[in-house]
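Below is one structure, written out as structure tokens; the observations come after it.
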Amino acid sequence: MDFSWLSDPFYQKALWTGFVNTLWLVAVSGVCGFALAVSFAMIRLRGPRPLAMLVTGLTTVVRGTPLLVQLFFFYDGVGRLLPEIPGLRESLIWPLLRDPFFYGALTFTLSVGAYTGEVLRGALLSVPEGELAAGRAFGLNRWQILYRLWLPRAIQMCLPTLTGELILLLKSVPLVSTIALMDLLKAANMVRDETFLVYEPLLLIAGIYLALTLVLTSVMRLIEHRFPGARPVAPKRRRLLPG
Amino acid sequence: MPSDHSDGLLEWLGPILQGALVTLEIALLAYAIGLGLGLLGATARLSPWRSLRGLGTAYSTLVRAIPELLLIILLYYAGSQALNALLAEFGGDTHIEISGFVTAVGVLAFVQGAYMTEVFRGAIQAIPKGQLEAADAYGFSRPTRFYRIVLPGMLPNALPGMSNLWLILVKDTALISVIGFEELFFTAQQAAASTRDYALFYALAGALYLVMTLGSNALFARAERHVRRGQPST
């Protein structure tokens, strides 16, 4: 095992950029994807029928095709057609449309929206009807019921599944190494190409991913336990006992 | 121009369908091996021996925590190097190129087995202990107990997870294209690059994957009805 390349500032910088990009992708697609998932779930439960059917179709396609194919479709396929739209090249959003990060984030956001949307829809459906009726009885309007009762209760129910979805998102980030975006895998591939070391860079980022997975899982566990209305965990109970 | 599009499409349709077949073959083989690995892993994780339990846990935890693409690249190199070392041991200087097909199947099966381990472990644990004790009381041998009690008892619990993993596997076969193996997506990429109709060919590849996943969904739904026969509907 030869890790001497790690002292090269050039590789350090590449790995750091890859690390930051990985975290950014997870954060951006996680947040935007979750917002999209909430809207998808609500549209399918309460939205007008044509729109609901459209979302159902989109969900089926996203969940039924490989993420890598979707990424190439947006980056290589749609991305190459965009310059043919007159006026787009001169517009303000053009720099964004040239950035591979945008296509990565777009693909992942859509994916999180589709997968998590399904999870949320199921959770929203399993919130007892009586709790929503109680909200109405207290004179809450529809939005207040959604934001104060329905959604928090649903999220509370499916939080462990959401943790799983977040880890899946983290683990799909290396796909962007196939488009021109520097992530951890791309950095490792660069090291591999230049130093002819096969295992060291790959094992290093495998270790980083392992650590990231563990950190994210424990952060989410913490959130699960702190979430309002969550069942008290064993250590907390013990603290309630005197002495 | 429309005529150009249809020319390229006609020319590439054959190879792409061929690629779809290869994808299905890889997925089926990897799934079969993954099922076996999963059973082994679950047995290890539930075994009374501590070291075996540790091995099973390490396998399923490590593989599930590392991104599939990274694992595929890593195992691709490690696997071919190990096989070549093995061949060198026996066959002297016969440095042969291991077929991409074998590597693809092996790598996907290894990853699949880790996820399958967890599915089977949960399903086996859900079997009421009394049923196993009854089998022991009747003097069932271990293999008979497995085939008559454990397998039919766990299948209804395992099948939803198994169907999920099959869908993930079909989609993961696209990752094999990254190491340059000619399956559906790799062929689609070649078609896209040569005709410059990127969106068209990626959409076509996506549609073919969709046909596979939706088709197998229907099959798994039937299988689930079969293994749940005689059980109260949930």
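Residues in the structure tokens are numbered from 1 in each chain, the chains being A, B, ... in the order shown, and ligands are numbered from 1 in the order shown.
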task = Find the spatial neighbours of region 168-171 of chain B, counting only C-alpha atoms, within a cut-off of 9 Å - ignore same-chain residues fewer than 6 positions away - and output them as a list in words.
result =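 Here the answer would be Gly64, Thr65, Pro66, Leu67 and Leu68 of chain A; Thr23, Leu24, Ile26, Ala27, Leu28, Ala30, Tyr31, Leu108, Ala109, Gln112, Tyr209, Met212 and Thr213 of chain B.
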Residues of chain A at most 7 Å from chain B: nearest atom pair and distance in Å, only C-alpha atoms, as JSON lines:
```
{"residue": "A:Val61", "atom": "CA", "partner": "B:Leu210", "partner_atom": "CA", "distance": 6.7}
{"residue": "A:Gly64", "atom": "CA", "partner": "B:Leu210", "partner_atom": "CA", "distance": 5.0}
{"residue": "A:Thr65", "atom": "CA", "partner": "B:Tyr209", "partner_atom": "CA", "distance": 5.5}
{"residue": "A:Pro66", "atom": "CA", "partner": "B:Lys171", "partner_atom": "CA", "distance": 4.5}
{"residue": "A:Leu68", "atom": "CA", "partner": "B:Ala174", "partner_atom": "CA", "distance": 6.9}
{"residue": "A:Val69", "atom": "CA", "partner": "B:Tyr202", "partner_atom": "CA", "distance": 6.4}
{"residue": "A:Phe73", "atom": "CA", "partner": "B:Tyr202", "partner_atom": "CA", "distance": 5.4}
{"residue": "A:Asp76", "atom": "CA", "partner": "B:Tyr198", "partner_atom": "CA", "distance": 6.2}
{"residue": "A:Gly77", "atom": "CA", "partner": "B:Ala199", "partner_atom": "CA", "distance": 3.7}
{"residue": "A:Val78", "atom": "CA", "partner": "B:Ala199", "partner_atom": "CA", "distance": 6.0}
{"residue": "A:Lys171", "atom": "CA", "partner": "B:Pro67", "partner_atom": "CA", "distance": 4.4}
{"residue": "A:Ser172", "atom": "CA", "partner": "B:Pro67", "partner_atom": "CA", "distance": 6.5}
{"residue": "A:Pro174", "atom": "CA", "partner": "B:Leu69", "partner_atom": "CA", "distance": 6.7}
{"residue": "A:Leu175", "atom": "CA", "partner": "B:Leu69", "partner_atom": "CA", "distance": 6.9}
{"residue": "A:Leu202", "atom": "CA", "partner": "B:Leu74", "partner_atom": "CA", "distance": 6.6}
{"residue": "A:Ala206", "atom": "CA", "partner": "B:Ile66", "partner_atom": "CA", "distance": 6.0}
{"residue": "A:Tyr209", "atom": "CA", "partner": "B:Ile66", "partner_atom": "CA", "distance": 6.0}
{"residue": "A:Leu210", "atom": "CA", "partner": "B:Ala65", "partner_atom": "CA", "distance": 5.6}
{"residue": "A:Thr213", "atom": "CA", "partner": "B:Ala65", "partner_atom": "CA", "distance": 6.2}
```
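Take the candidates B:Tyr138, B:Val119, B:Gln81, B:Leu151 and check each one against Val198 (chain A) using only C-alpha atoms; the shortest distance goes to B:Gln81.
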query = Leaving out Thr17 (chain A) and any residue of its chain fewer than 5 positions from it, which residues lie within 9 Å of it when counting only C-alpha atoms, given as a list in words?
reply = Gln12, Thr22, Met182, Asp183, Leu184 and Ala187 of chain A
Residues of the last selection are to be written out with N, CA and C atoms, as a PDB file, in the first residue's frame.
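See selection_34.pdb below for the written result:
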```pdb
ATOM      1  N   GLN A  12      -4.407  16.540  -2.980  1.00  0.00           N
ATOM      2  CA  GLN A  12      -5.173  16.961  -1.803  1.00  0.00           C
ATOM      3  C   GLN A  12      -6.316  17.874  -2.215  1.00  0.00           C
ATOM      4  N   THR A  22     -19.351  16.508  -3.218  1.00  0.00           N
ATOM      5  CA  THR A  22     -20.209  15.399  -2.800  1.00  0.00           C
ATOM      6  C   THR A  22     -21.211  15.867  -1.751  1.00  0.00           C
ATOM      7  N   MET A 182     -16.203  17.011 -10.650  1.00  0.00           N
ATOM      8  CA  MET A 182     -15.225  16.454  -9.716  1.00  0.00           C
ATOM      9  C   MET A 182     -15.906  16.023  -8.426  1.00  0.00           C
ATOM     10  N   ASP A 183     -16.013  14.723  -8.230  1.00  0.00           N
ATOM     11  CA  ASP A 183     -16.479  14.223  -6.944  1.00  0.00           C
ATOM     12  C   ASP A 183     -15.371  13.335  -6.387  1.00  0.00           C
ATOM     13  N   LEU A 184     -15.622  12.646  -5.294  1.00  0.00           N
ATOM     14  CA  LEU A 184     -14.570  11.827  -4.682  1.00  0.00           C
ATOM     15  C   LEU A 184     -14.071  10.747  -5.637  1.00  0.00           C
ATOM     16  N   ALA A 187     -11.910  12.195  -8.354  1.00  0.00           N
ATOM     17  CA  ALA A 187     -10.588  12.510  -7.808  1.00  0.00           C
ATOM     18  C   ALA A 187      -9.753  11.231  -7.697  1.00  0.00           C
TER      19      ALA A 187
END
```
ask   = Between A:Leu151, A:Ala37, A:Thr163, A:Val28, which has the minimum distance to Ser126 (chain A) (counting only C-alpha atoms)?
value = A:Leu151
message = Just the number, please: distance in Å from CA of Thr187 (chain B) to CA of Glu11 (chain B), one decimal.
response =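 That distance, rounded to one decimal, is 12.1 Å.
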Two-atom distance - CA of Ala158 (chain B), CA of Ala123 (chain A) (Å) =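 CA of Ala123 (chain A) lies 21.9 Å from CA of Ala158 (chain B).
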query = In terms of the shortest atom-to-atom distance over only C-alpha atoms, which of A:Pro83, A:Phe10, A:Ala137, A:Arg148 is closest to Pro95 (chain A)?
reply =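 Checking each candidate against Pro95 (chain A), we get A:Pro83 as the closest.
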inquiry  = Going by DSSP on the backbone, which residues of region 12-99 of chain B come out as alpha helix (DSSP H)? List them as a PyMOL selection string.
reply    = chain B and resi 12-45+50-65+68-91
inquiry  = So, with only C-alpha atoms as the atoms that count, which of A:Pro86, A:Gly117, A:Gly122, A:Gly135 lies closest to Thr56 (chain A)?
reply    =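 Between A:Pro86, A:Gly117, A:Gly122, A:Gly135, the residue approaching Thr56 (chain A) most closely is A:Gly117.
Nearest residue to Ala218 (chain B), choosing from B:Ser194, B:Thr57, B:Gln231, B:Ser163 and counting only C-alpha atoms: B:Ser163.
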remark   = Between A:Leu124, A:Met1, A:Leu166, A:Ile85, smallest distance to Ala27 (chain A) by only C-alpha atoms belongs to A:Leu166
task = Can you pull out every residue within 10 Å of Glu224 (chain B), counting only C-alpha atoms, but drop anything in the same chain fewer than 5 positions away, and send it as an MDAnalysis selection string?
result = chainID B and resid 155:160 163 218:219 229
